[in-house]
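**Student:** Here you go, this is entry.txt (compact mmCIF, C-alpha atoms and all ligand atoms).
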# COMPACT_ATOMS: atom_id res chain seq x y z
CA VAL A 1 -50.06 146.71 -130.39
CA LYS A 2 -49.43 149.55 -128.02
CA VAL A 3 -47.50 152.82 -128.05
CA ASN A 4 -47.37 154.57 -124.68
CA GLY A 5 -50.14 152.20 -123.62
CA ARG A 6 -52.46 153.12 -126.55
CA HIS A 7 -53.39 150.74 -129.34
CA THR A 8 -51.80 151.96 -132.57
CA ARG A 9 -51.48 150.72 -136.12
CA SER A 10 -48.58 151.67 -138.39
CA ILE A 11 -50.93 153.13 -141.05
CA TRP A 12 -54.55 154.27 -140.99
CA LEU A 13 -57.04 156.54 -142.67
CA GLY A 14 -57.55 159.80 -140.77
CA ASP A 15 -60.99 161.32 -140.16
CA ASP A 16 -60.08 164.01 -142.70
CA GLY A 17 -59.62 161.39 -145.44
CA ASP A 18 -55.82 161.68 -145.51
CA VAL A 19 -53.55 158.75 -144.69
CA ARG A 20 -51.58 158.65 -141.45
CA ILE A 21 -48.33 156.75 -140.90
CA VAL A 22 -45.93 156.30 -138.03
CA ASP A 23 -42.81 158.02 -139.40
CA GLN A 24 -40.14 155.35 -138.91
CA LEU A 25 -37.31 157.75 -139.76
CA GLU A 26 -38.02 159.42 -136.41
CA LEU A 27 -37.84 156.17 -134.42
CA PRO A 28 -36.54 155.04 -131.98
CA PHE A 29 -35.99 158.59 -130.76
CA ARG A 30 -39.40 160.17 -131.33
CA PHE A 31 -42.88 158.86 -132.04
CA VAL A 32 -44.19 161.03 -134.87
CA VAL A 33 -47.35 160.59 -136.94
CA ALA A 34 -47.04 161.90 -140.50
CA THR A 35 -49.69 162.60 -143.12
CA LEU A 36 -49.77 161.35 -146.72
CA ARG A 37 -51.97 163.51 -148.95
CA THR A 38 -50.73 162.75 -152.45
CA LEU A 39 -49.20 160.02 -154.58
CA ASP A 40 -45.86 161.85 -154.25
CA ASP A 41 -46.13 161.59 -150.46
CA ALA A 42 -46.72 157.83 -150.68
CA VAL A 43 -43.87 157.27 -153.15
CA ASP A 44 -41.54 159.34 -150.97
CA ALA A 45 -42.57 157.54 -147.77
CA ILE A 46 -41.75 154.13 -149.26
CA ALA A 47 -38.58 155.22 -151.08
CA ARG A 48 -37.07 157.00 -148.06
CA MET A 49 -38.23 154.26 -145.67
CA ARG A 50 -40.53 156.42 -143.58
CA VAL A 51 -42.52 153.20 -143.91
CA ARG A 52 -40.81 149.89 -144.49
CA GLY A 53 -41.25 146.16 -144.07
CA ALA A 54 -42.84 144.18 -146.88
CA PRO A 55 -46.49 144.11 -145.72
CA LEU A 56 -46.50 147.79 -144.75
CA ILE A 57 -44.93 148.79 -148.06
CA GLY A 58 -47.82 146.98 -149.76
CA ALA A 59 -50.43 148.70 -147.57
CA THR A 60 -48.89 152.12 -148.21
CA ALA A 61 -48.81 151.51 -151.96
CA ALA A 62 -52.50 150.54 -151.88
CA TYR A 63 -53.27 153.87 -150.25
CA GLY A 64 -50.93 155.50 -152.78
CA ILE A 65 -53.21 154.36 -155.60
CA ALA A 66 -56.16 155.88 -153.76
CA LEU A 67 -54.33 159.18 -153.31
CA ALA A 68 -53.41 159.18 -157.01
CA ALA A 69 -57.05 158.53 -157.94
CA ARG A 70 -58.07 161.70 -156.10
CA THR A 71 -56.21 163.74 -158.70
CA ASP A 72 -56.88 161.57 -161.75
CA GLY A 73 -58.70 158.24 -161.62
CA GLY A 74 -58.29 157.46 -165.31
CA ASP A 75 -56.64 154.21 -166.43
CA ALA A 76 -53.49 155.86 -167.78
CA ALA A 77 -52.93 157.95 -164.65
CA LEU A 78 -53.42 154.96 -162.35
CA GLU A 79 -51.08 152.77 -164.40
CA ALA A 80 -48.45 155.54 -164.19
CA ALA A 81 -49.00 155.78 -160.43
CA ALA A 82 -48.64 152.01 -160.11
CA ALA A 83 -45.37 152.07 -162.03
CA ARG A 84 -43.97 154.79 -159.76
CA LEU A 85 -44.98 152.95 -156.61
CA ILE A 86 -43.63 149.60 -157.81
CA ALA A 87 -40.30 151.19 -158.79
CA THR A 88 -39.63 152.41 -155.24
CA ARG A 89 -38.38 149.10 -153.81
CA PRO A 90 -37.83 145.99 -155.89
CA THR A 91 -37.54 143.07 -153.47
CA ALA A 92 -40.76 143.00 -151.41
CA VAL A 93 -43.33 141.28 -153.62
CA ASN A 94 -46.15 142.59 -151.43
CA LEU A 95 -45.76 145.92 -153.22
CA HIS A 96 -46.68 144.43 -156.63
CA TRP A 97 -49.38 142.30 -155.07
CA ALA A 98 -51.09 145.22 -153.32
CA VAL A 99 -50.89 147.59 -156.29
CA ARG A 100 -52.16 144.98 -158.75
CA ARG A 101 -54.95 143.95 -156.42
CA VAL A 102 -56.27 147.49 -156.04
CA LEU A 103 -55.89 148.30 -159.75
CA GLY A 104 -57.59 145.03 -160.72
CA ALA A 105 -60.55 145.78 -158.45
CA LEU A 106 -60.87 149.33 -159.85
CA ARG A 107 -61.02 148.14 -163.45
CA GLY A 108 -64.60 148.38 -164.66
CA THR A 109 -65.62 150.89 -161.96
CA ALA A 110 -66.66 154.45 -162.78
CA VAL A 111 -63.69 156.83 -162.79
CA ALA A 112 -65.50 159.30 -160.53
CA GLN A 113 -65.90 156.60 -157.86
CA ARG A 114 -62.36 155.30 -157.96
CA ALA A 115 -60.77 157.42 -155.23
CA ASP A 116 -63.41 156.41 -152.69
CA THR A 117 -63.38 152.79 -153.83
CA ALA A 118 -59.59 152.60 -153.65
CA LEU A 119 -59.57 154.04 -150.14
CA ARG A 120 -62.01 151.34 -149.10
CA LEU A 121 -59.96 148.64 -150.83
CA ALA A 122 -56.76 149.83 -149.14
CA ALA A 123 -58.47 149.81 -145.75
CA GLU A 124 -59.72 146.28 -146.42
CA LEU A 125 -56.22 145.18 -147.40
CA CYS A 126 -54.93 146.62 -144.11
CA ASP A 127 -57.56 144.78 -142.07
CA GLU A 128 -56.68 141.60 -143.92
CA ASP A 129 -52.99 142.10 -143.11
CA VAL A 130 -53.84 142.40 -139.42
CA ALA A 131 -55.95 139.22 -139.53
CA ILE A 132 -53.20 137.31 -141.37
CA ASN A 133 -50.57 138.35 -138.86
CA GLU A 134 -52.79 137.49 -135.94
CA ARG A 135 -53.14 133.98 -137.40
CA ILE A 136 -49.35 133.77 -137.82
CA GLY A 137 -49.09 134.62 -134.13
CA GLU A 138 -51.55 131.87 -133.23
CA HIS A 139 -49.69 129.24 -135.25
CA GLY A 140 -46.23 130.46 -134.25
CA VAL A 141 -46.97 130.54 -130.55
CA ASN A 142 -47.29 126.74 -130.62
CA VAL A 143 -43.61 126.56 -131.59
CA LEU A 144 -42.72 128.80 -128.64
CA ARG A 145 -45.00 126.88 -126.28
CA GLN A 146 -43.25 123.61 -127.12
CA LEU A 147 -39.84 125.20 -126.56
CA ALA A 148 -41.04 126.67 -123.25
CA ALA A 149 -42.17 123.22 -122.08
CA ARG A 150 -38.71 121.88 -122.87
CA ASN A 151 -37.08 124.81 -121.05
CA GLY A 152 -38.62 124.04 -117.68
CA GLY A 153 -39.79 127.60 -117.00
CA ARG A 154 -36.76 129.45 -118.36
CA PRO A 155 -37.66 132.08 -120.95
CA VAL A 156 -37.62 130.94 -124.57
CA GLN A 157 -34.66 132.63 -126.26
CA VAL A 158 -35.73 133.95 -129.66
CA LEU A 159 -33.30 135.57 -132.08
CA THR A 160 -34.69 137.86 -134.77
CA HIS A 161 -33.13 139.86 -137.58
CA CYS A 162 -34.23 143.24 -138.94
CA ASN A 163 -37.68 144.44 -137.93
CA ALA A 164 -40.55 142.10 -138.67
CA GLY A 165 -42.77 143.48 -135.93
CA TRP A 166 -45.91 145.59 -136.11
CA LEU A 167 -43.98 148.50 -137.58
CA ALA A 168 -43.21 146.33 -140.62
CA THR A 169 -46.86 145.38 -141.06
CA VAL A 170 -50.15 147.10 -140.28
CA ASP A 171 -50.30 145.48 -136.84
CA TRP A 172 -48.92 142.46 -134.92
CA GLY A 173 -45.92 141.90 -137.21
CA THR A 174 -44.95 138.60 -138.74
CA ALA A 175 -41.86 137.25 -136.92
CA LEU A 176 -42.86 139.07 -133.74
CA ALA A 177 -46.54 138.05 -133.83
CA PRO A 178 -45.77 134.71 -132.09
CA VAL A 179 -43.71 136.63 -129.51
CA TYR A 180 -46.55 139.07 -128.80
CA ARG A 181 -48.99 136.18 -128.61
CA ALA A 182 -46.67 134.29 -126.25
CA ALA A 183 -46.44 137.30 -123.95
CA ARG A 184 -50.24 137.50 -123.83
CA ASP A 185 -50.43 133.75 -123.10
CA GLY A 186 -47.95 134.01 -120.24
CA ILE A 187 -45.12 132.15 -121.98
CA PRO A 188 -41.81 133.70 -120.86
CA VAL A 189 -39.79 134.98 -123.82
CA HIS A 190 -36.57 136.91 -124.28
CA VAL A 191 -35.60 138.27 -127.71
CA TRP A 192 -32.07 138.69 -129.05
CA VAL A 193 -32.41 141.63 -131.41
CA ASP A 194 -29.92 141.79 -134.27
CA GLU A 195 -28.87 145.38 -134.76
CA THR A 196 -29.15 144.92 -138.55
CA ARG A 197 -26.56 147.09 -140.19
CA PRO A 198 -26.64 149.29 -142.12
CA ARG A 199 -30.16 150.67 -141.51
CA LEU A 200 -30.35 149.45 -137.91
CA GLN A 201 -33.90 148.13 -138.05
CA GLY A 202 -33.03 146.34 -134.80
CA ALA A 203 -33.53 149.70 -133.07
CA LEU A 204 -37.15 149.60 -134.27
CA THR A 205 -37.55 146.05 -132.98
CA ALA A 206 -36.10 146.99 -129.59
CA TRP A 207 -38.42 150.02 -129.40
CA GLU A 208 -41.48 147.89 -130.19
CA LEU A 209 -40.55 145.24 -127.65
CA GLU A 210 -39.95 147.87 -125.01
CA GLN A 211 -43.42 149.35 -125.65
CA GLU A 212 -44.91 145.89 -125.12
CA GLY A 213 -42.80 145.18 -122.04
CA ILE A 214 -41.05 142.17 -123.59
CA ALA A 215 -37.55 141.28 -122.39
CA HIS A 216 -34.95 141.82 -125.11
CA THR A 217 -31.27 142.50 -125.73
CA VAL A 218 -29.76 144.21 -128.76
CA ILE A 219 -26.72 142.45 -130.20
CA ALA A 220 -24.29 143.35 -132.96
CA ASP A 221 -25.06 141.37 -136.10
CA ASN A 222 -21.92 139.32 -135.71
CA ALA A 223 -22.85 138.04 -132.24
CA GLY A 224 -25.63 135.62 -133.24
CA GLY A 225 -23.43 132.68 -134.25
CA HIS A 226 -21.50 132.91 -131.01
CA LEU A 227 -24.70 132.91 -128.96
CA MET A 228 -26.00 129.89 -130.86
CA GLN A 229 -22.77 127.98 -130.17
CA ARG A 230 -23.19 128.74 -126.47
CA GLY A 231 -26.74 127.37 -126.42
CA ALA A 232 -28.21 130.84 -125.77
CA VAL A 233 -30.68 130.74 -128.69
CA ASP A 234 -33.66 128.34 -128.72
CA VAL A 235 -35.12 129.48 -132.02
CA VAL A 236 -34.57 132.00 -134.82
CA ILE A 237 -37.65 133.67 -136.33
CA THR A 238 -37.36 136.18 -139.17
CA GLY A 239 -39.77 137.78 -141.61
CA THR A 240 -39.56 137.73 -145.38
CA ASP A 241 -39.86 140.07 -148.35
CA ARG A 242 -40.52 137.29 -150.85
CA VAL A 243 -40.88 133.52 -150.66
CA THR A 244 -40.30 131.66 -153.90
CA ARG A 245 -42.63 128.83 -154.82
CA ARG A 246 -39.92 126.31 -153.89
CA GLY A 247 -39.54 127.85 -150.44
CA ALA A 248 -36.40 129.98 -150.69
CA VAL A 249 -36.71 133.21 -148.73
CA ALA A 250 -35.52 136.72 -149.53
CA ASN A 251 -35.12 138.78 -146.39
CA LYS A 252 -32.95 141.53 -144.93
CA ILE A 253 -29.24 141.21 -145.67
CA GLY A 254 -27.62 138.97 -143.08
CA THR A 255 -30.56 136.58 -142.70
CA TYR A 256 -28.68 133.91 -144.67
CA LEU A 257 -25.72 134.01 -142.28
CA LYS A 258 -28.08 133.54 -139.34
CA ALA A 259 -29.66 130.54 -141.09
CA LEU A 260 -26.22 129.00 -141.69
CA ALA A 261 -25.24 129.46 -138.06
CA ALA A 262 -28.58 128.06 -136.90
CA HIS A 263 -28.17 125.01 -139.15
CA ASP A 264 -24.64 124.38 -137.89
CA ASN A 265 -25.82 124.54 -134.28
CA GLY A 266 -29.08 122.62 -134.58
CA VAL A 267 -31.14 125.72 -133.78
CA PRO A 268 -34.57 125.73 -135.51
CA PHE A 269 -34.88 128.52 -138.07
CA TYR A 270 -38.44 129.67 -138.84
CA VAL A 271 -39.60 132.29 -141.32
CA ALA A 272 -42.93 134.00 -140.66
CA ALA A 273 -44.46 134.27 -144.12
CA PRO A 274 -47.85 135.81 -144.89
CA SER A 275 -49.31 134.57 -148.19
CA PRO A 276 -49.02 137.98 -149.94
CA SER A 277 -45.25 137.48 -149.63
CA ILE A 278 -45.32 134.30 -151.73
CA ASP A 279 -44.25 134.83 -155.34
CA TRP A 280 -45.52 131.88 -157.37
CA SER A 281 -43.76 133.21 -160.47
CA ALA A 282 -40.32 132.94 -158.82
CA ALA A 283 -38.94 129.40 -158.65
CA ASP A 284 -35.69 130.06 -156.82
CA GLY A 285 -33.71 132.79 -155.15
CA ALA A 286 -32.02 133.71 -158.43
CA ASP A 287 -35.43 134.93 -159.67
CA VAL A 288 -35.71 137.53 -156.90
CA PRO A 289 -34.45 141.06 -157.60
CA ILE A 290 -32.17 142.19 -154.78
CA GLU A 291 -32.36 145.87 -153.96
CA GLU A 292 -29.05 147.68 -153.95
CA ARG A 293 -29.14 150.72 -151.73
CA ALA A 294 -27.11 153.91 -151.43
CA ALA A 295 -23.47 153.72 -150.32
CA ARG A 296 -24.21 156.46 -147.81
CA GLU A 297 -26.09 153.98 -145.62
CA VAL A 298 -22.76 152.21 -145.08
CA THR A 299 -20.39 155.18 -145.05
CA HIS A 300 -22.45 157.12 -142.50
CA VAL A 301 -24.34 156.34 -139.32
CA HIS A 302 -27.34 158.31 -138.20
CA GLY A 303 -27.95 159.02 -134.54
CA GLU A 304 -28.71 161.43 -131.75
CA THR A 305 -26.21 163.64 -129.96
CA ALA A 306 -26.23 164.20 -126.21
CA ASP A 307 -28.23 167.42 -126.71
CA GLY A 308 -30.88 165.67 -128.78
CA ALA A 309 -29.78 166.78 -132.26
CA ARG A 310 -30.10 164.18 -135.02
CA ILE A 311 -26.96 163.90 -137.15
CA ASP A 312 -25.15 161.76 -139.71
CA VAL A 313 -21.56 160.84 -138.91
CA ARG A 314 -19.08 159.60 -141.53
CA ILE A 315 -17.38 156.33 -140.52
CA HIS A 316 -15.51 155.48 -143.73
CA ARG A 317 -13.07 157.67 -145.61
CA GLU A 318 -14.47 159.61 -148.54
CA GLY A 319 -14.03 157.67 -151.77
CA THR A 320 -14.08 154.23 -150.12
CA ASN A 321 -15.68 151.62 -152.38
CA VAL A 322 -18.93 150.37 -150.92
CA LEU A 323 -21.52 147.77 -151.93
CA ASN A 324 -24.85 147.79 -150.12
CA PRO A 325 -27.21 144.93 -151.05
CA GLY A 326 -30.39 145.24 -148.99
CA PHE A 327 -31.49 141.59 -149.00
CA ASP A 328 -30.18 138.07 -149.33
CA ILE A 329 -31.58 134.63 -150.09
CA THR A 330 -31.89 131.86 -147.55
CA PRO A 331 -32.23 128.52 -149.35
CA ALA A 332 -35.19 126.35 -148.39
CA ARG A 333 -32.91 123.58 -147.05
CA LEU A 334 -31.86 125.88 -144.16
CA ILE A 335 -35.44 126.70 -143.16
CA THR A 336 -37.10 124.50 -140.53
CA ALA A 337 -40.56 125.70 -141.61
CA LEU A 338 -42.58 128.70 -142.73
CA ILE A 339 -45.10 130.08 -140.24
CA THR A 340 -48.03 131.14 -142.41
CA GLU A 341 -51.58 132.20 -141.67
CA ARG A 342 -52.63 128.70 -142.70
CA GLY A 343 -50.30 126.90 -140.35
CA VAL A 344 -46.66 125.91 -140.04
CA VAL A 345 -45.63 124.68 -143.48
CA ALA A 346 -42.49 122.99 -144.82
CA ALA A 347 -40.53 125.27 -147.18
CA THR A 348 -41.24 123.13 -150.24
CA GLU A 349 -43.20 123.63 -153.44
CA ASP A 350 -45.56 120.75 -152.67
CA GLU A 351 -46.38 121.94 -149.16
CA LEU A 352 -46.86 125.54 -150.21
CA ALA A 353 -49.07 124.56 -153.13
CA ALA A 354 -51.05 122.13 -150.95
CA ARG A 355 -51.69 124.84 -148.37
CA PHE A 356 -52.31 127.79 -150.69
CA GLY A 357 -53.24 126.21 -154.02
CA ARG A 358 -51.11 128.80 -155.81
CA THR A 359 -53.72 131.41 -154.99
CA GLY A 360 -51.23 134.01 -153.81
CA HIS A 361 -49.26 136.44 -155.93
CA ALA A 362 -49.35 135.54 -159.63
O1 LIG A 401 -35.56 147.21 -145.81
P1 LIG A 401 -36.72 146.89 -144.92
O2 LIG A 401 -36.58 147.46 -143.56
O3 LIG A 401 -38.04 147.23 -145.57
O4 LIG A 401 -36.65 145.31 -144.78
C1 LIG A 401 -37.59 144.66 -143.97
C2 LIG A 401 -37.34 143.21 -143.85
O5 LIG A 401 -36.42 142.66 -144.39
C3 LIG A 401 -38.34 142.42 -143.07
O6 LIG A 401 -37.74 141.33 -142.43
C4 LIG A 401 -39.41 141.89 -144.05
O7 LIG A 401 -39.95 142.94 -144.81
C5 LIG A 401 -40.50 141.20 -143.35
S1 LIG A 401 -41.48 142.32 -142.45
C6 LIG A 401 -42.80 141.59 -141.75
The structure in this file should be written as C-alpha cells.
**Tutor:**
Amino acid sequence: VKVNGRHTRSIWLGDDGDVRIVDQLELPFRFVVATLRTLDDAVDAIARMRVRGAPLIGATAAYGIALAARTDGGDAALEAAAARLIATRPTAVNLHWAVRRVLGALRGTAVAQRADTALRLAAELCDEDVAINERIGEHGVNVLRQLAARNGGRPVQVLTHCNAGWLATVDWGTALAPVYRAARDGIPVHVWVDETRPRLQGALTAWELEQEGIAHTVIADNAGGHLMQRGAVDVVITGTDRVTRRGAVANKIGTYLKALAAHDNGVPFYVAAPSPSIDWSAADGADVPIEERAAREVTHVHGETADGARIDVRIHREGTNVLNPGFDITPARLITALITERGVVAATEDELAARFGRTGHA
C-alpha cells in the first residue's frame, strides 16, 4: 500500500544488503525507515515493537536468522539466534513458524552459503506473506460486498481492533486487506478504529487508513459495544496472533470483549487468519502462551507535545499495582468465520483441517 502516494512495504532488503523496516515506534507522528544490520538489531526491533503484528514479526525473525548467519552460520550459532528471536514475543506463532522454516531449509546447506541463502529465504517468505494477504483481501471483500448490497449504498461500517493492516504484515494486512480491496473495487467503507490501549495500535491503523484515503473514526476501546447496540457496526474484522486447531483465536487484548458484544448484538465477527498463524499443536485457547508486558505501558502514555517533542506522561500513581496481558482468547463459538487465503472457513477443527490438511505450523 501507499505512504505519501508511494508504494511501500513494512520490511525489505536494501540494495546494500541490510534490512530496512518502517520504524513503528515513530508512527503516527513521523515516517522513519530504520536499518537492521545484525541479529541484535532484529531482536531489539521485535522486542521493543519497532516492528509488530504477527506476520511482520515472523518476517523480521526470518531476516534475523540471515543477519545472524553473516557473523556465524554454524548450526550452534543459528540455533542460539533462533532461541533469542523466539524468546522476544511468545504469543504470535508466526515467529516460531518463520524461524523454523528458515532453519529447516538451511540444514544440509554449506555454512559459507547460509547468509545468502537465508536472505533469499526471508525475501521469499515476505513475498509469500504479501500473496497470502492479497488472497485474504479477495475472499474478505465478498463479505463486504454482500453487506454493501444490503446497505443500499450506505458505507459498510467495519469495526477493527489493534492494527492488522499492512504495518502488521509485509503488505496489505490481514483484517484490513478486505477493506483495501473494497476501496479499490469502489465499495464504500467506513472503519471504526479501536484505540487499543495500552499500546494504541489504533493510531497505526488510523494512519494507514488516512494514507489510503479510507474513511475512518478512532474510538475509545469501550465505545464498540455501544455502537453495536445502536446498529452502527455492520461487521467486526480483526487479525490474529494464533489460531488453535479447533478455531479459538488469540489476538490483541480486548478482542474477546468485542466478540462478546458482537455476538450479543447479532453483528458478524470475522477473523482474518493467514495459514502461518494456525498452530496445529494447540487444541484450545488454554494452550496459547499469553504475553505479559511491562507495567509501564499502562502507567504511562506516550505522545507528542505541542512543540513536537515526544514524551512519556505518568497517568497512575507510582506504586500502583498493574497487570498488562497483551492478548486474549476469543472462543470459536463467537467467531462467524475465519477469512483465510483459501477462503472463508468456519472456525472448527474439521473445516480448518479440510481446507489446510494440517499443513501449517507443526
Ligand atoms: O502486540 P502487537 O501489536 O504485535 O499485536 C498485534 C495484533 O494483535 C494483531 O491483531 C495480530 O498480530 C494480527 S496482525 C495481521
**Student:** Ranking A:Lys258, A:Arg333, A:Arg50, A:Arg114 by minimum distance to A:Leu25 and counting only C-alpha atoms, which one comes first?
**Tutor:** A:Arg50
**Student:** Skip A:Ile315 itself and residues of its chain fewer than 6 positions away, then list as a list in words all residues within 8 Å of it, counting all atoms listed in the file.
**Tutor:** Thr299, His300 and Val301 of chain A
**Student:** Between atom CA of A:Ala203 and atom CA of A:Ile290, what is the spacing in Å?
**Tutor:**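 These two atoms are separated by 23.0 Å.
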**Student:** Throw together the list of residues within 8 Å of ligand LIG 401 (chain A), counting all atoms listed in the file, and drop it here as a ChimeraX atom specification.
**Tutor:** /A:49,51-57,92,161-166,168-169,173-175,199,201,238-241,250-253,272-273,326-327
**Student:** Between A:Asp127, A:Asp328, A:Asp234, A:Glu297, which one has atoms that come closest to A:Gly266, using only C-alpha atoms?
**Tutor:**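 Residue with the minimum atom-to-atom distance to A:Gly266: A:Asp234.
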**Student:** Quick one: pull the distance between atom CA of A:Ala182 and atom CA of A:Val141, Å, one decimal.
**Tutor:**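 Computed distance, atom CA of A:Ala182 to atom CA of A:Val141, equals 5.7 Å.
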**Student:** Skipping near chain neighbours, those fewer than 6 positions away, what residues fall within 10 Å of A:Asp287 using all atoms listed in the file, listed as a PyMOL selection string?
**Tutor:** chain A and resi 244+279+281
**Student:** Write out as a count of residues only each polymer residue whose atoms come within 8 Å of A:Asp18, counting all atoms listed in the file; drop sequence neighbours fewer than 6 positions from it.
**Tutor:** 3
**Student:** Just add N, CA and C atoms to stretch 195-206 of chain A and send it as a PDB file, in the coordinates of the input.
**Tutor:**
ATOM      1  N   GLU A 195     -28.889 143.940-134.497  1.00  0.00           N
ATOM      2  CA  GLU A 195     -28.870 145.380-134.760  1.00  0.00           C
ATOM      3  C   GLU A 195     -29.255 145.696-136.214  1.00  0.00           C
ATOM      4  N   THR A 196     -28.782 144.833-137.131  1.00  0.00           N
ATOM      5  CA  THR A 196     -29.150 144.920-138.550  1.00  0.00           C
ATOM      6  C   THR A 196     -28.558 146.135-139.262  1.00  0.00           C
ATOM      7  N   ARG A 197     -27.255 146.120-139.360  1.00  0.00           N
ATOM      8  CA  ARG A 197     -26.560 147.090-140.190  1.00  0.00           C
ATOM      9  C   ARG A 197     -26.959 146.885-141.638  1.00  0.00           C
ATOM     10  N   PRO A 198     -26.991 147.922-142.487  1.00  0.00           N
ATOM     11  CA  PRO A 198     -26.640 149.290-142.120  1.00  0.00           C
ATOM     12  C   PRO A 198     -27.798 150.167-141.646  1.00  0.00           C
ATOM     13  N   ARG A 199     -29.075 149.741-141.849  1.00  0.00           N
ATOM     14  CA  ARG A 199     -30.160 150.670-141.510  1.00  0.00           C
ATOM     15  C   ARG A 199     -30.641 150.533-140.070  1.00  0.00           C
ATOM     16  N   LEU A 200     -30.085 149.572-139.350  1.00  0.00           N
ATOM     17  CA  LEU A 200     -30.350 149.450-137.910  1.00  0.00           C
ATOM     18  C   LEU A 200     -31.836 149.267-137.570  1.00  0.00           C
ATOM     19  N   GLN A 201     -32.490 148.405-138.344  1.00  0.00           N
ATOM     20  CA  GLN A 201     -33.900 148.130-138.050  1.00  0.00           C
ATOM     21  C   GLN A 201     -34.071 147.466-136.681  1.00  0.00           C
ATOM     22  N   GLY A 202     -32.961 146.918-136.146  1.00  0.00           N
ATOM     23  CA  GLY A 202     -33.030 146.340-134.800  1.00  0.00           C
ATOM     24  C   GLY A 202     -33.442 147.378-133.762  1.00  0.00           C
ATOM     25  N   ALA A 203     -33.117 148.641-134.008  1.00  0.00           N
ATOM     26  CA  ALA A 203     -33.530 149.700-133.070  1.00  0.00           C
ATOM     27  C   ALA A 203     -35.051 149.821-133.052  1.00  0.00           C
ATOM     28  N   LEU A 204     -35.686 149.568-134.200  1.00  0.00           N
ATOM     29  CA  LEU A 204     -37.150 149.600-134.270  1.00  0.00           C
ATOM     30  C   LEU A 204     -37.726 148.412-133.499  1.00  0.00           C
ATOM     31  N   THR A 205     -37.093 147.257-133.680  1.00  0.00           N
ATOM     32  CA  THR A 205     -37.550 146.050-132.980  1.00  0.00           C
ATOM     33  C   THR A 205     -37.439 146.246-131.466  1.00  0.00           C
ATOM     34  N   ALA A 206     -36.302 146.771-131.030  1.00  0.00           N
ATOM     35  CA  ALA A 206     -36.100 146.990-129.590  1.00  0.00           C
ATOM     36  C   ALA A 206     -37.139 147.981-129.053  1.00  0.00           C
TER      37      ALA A 206
END
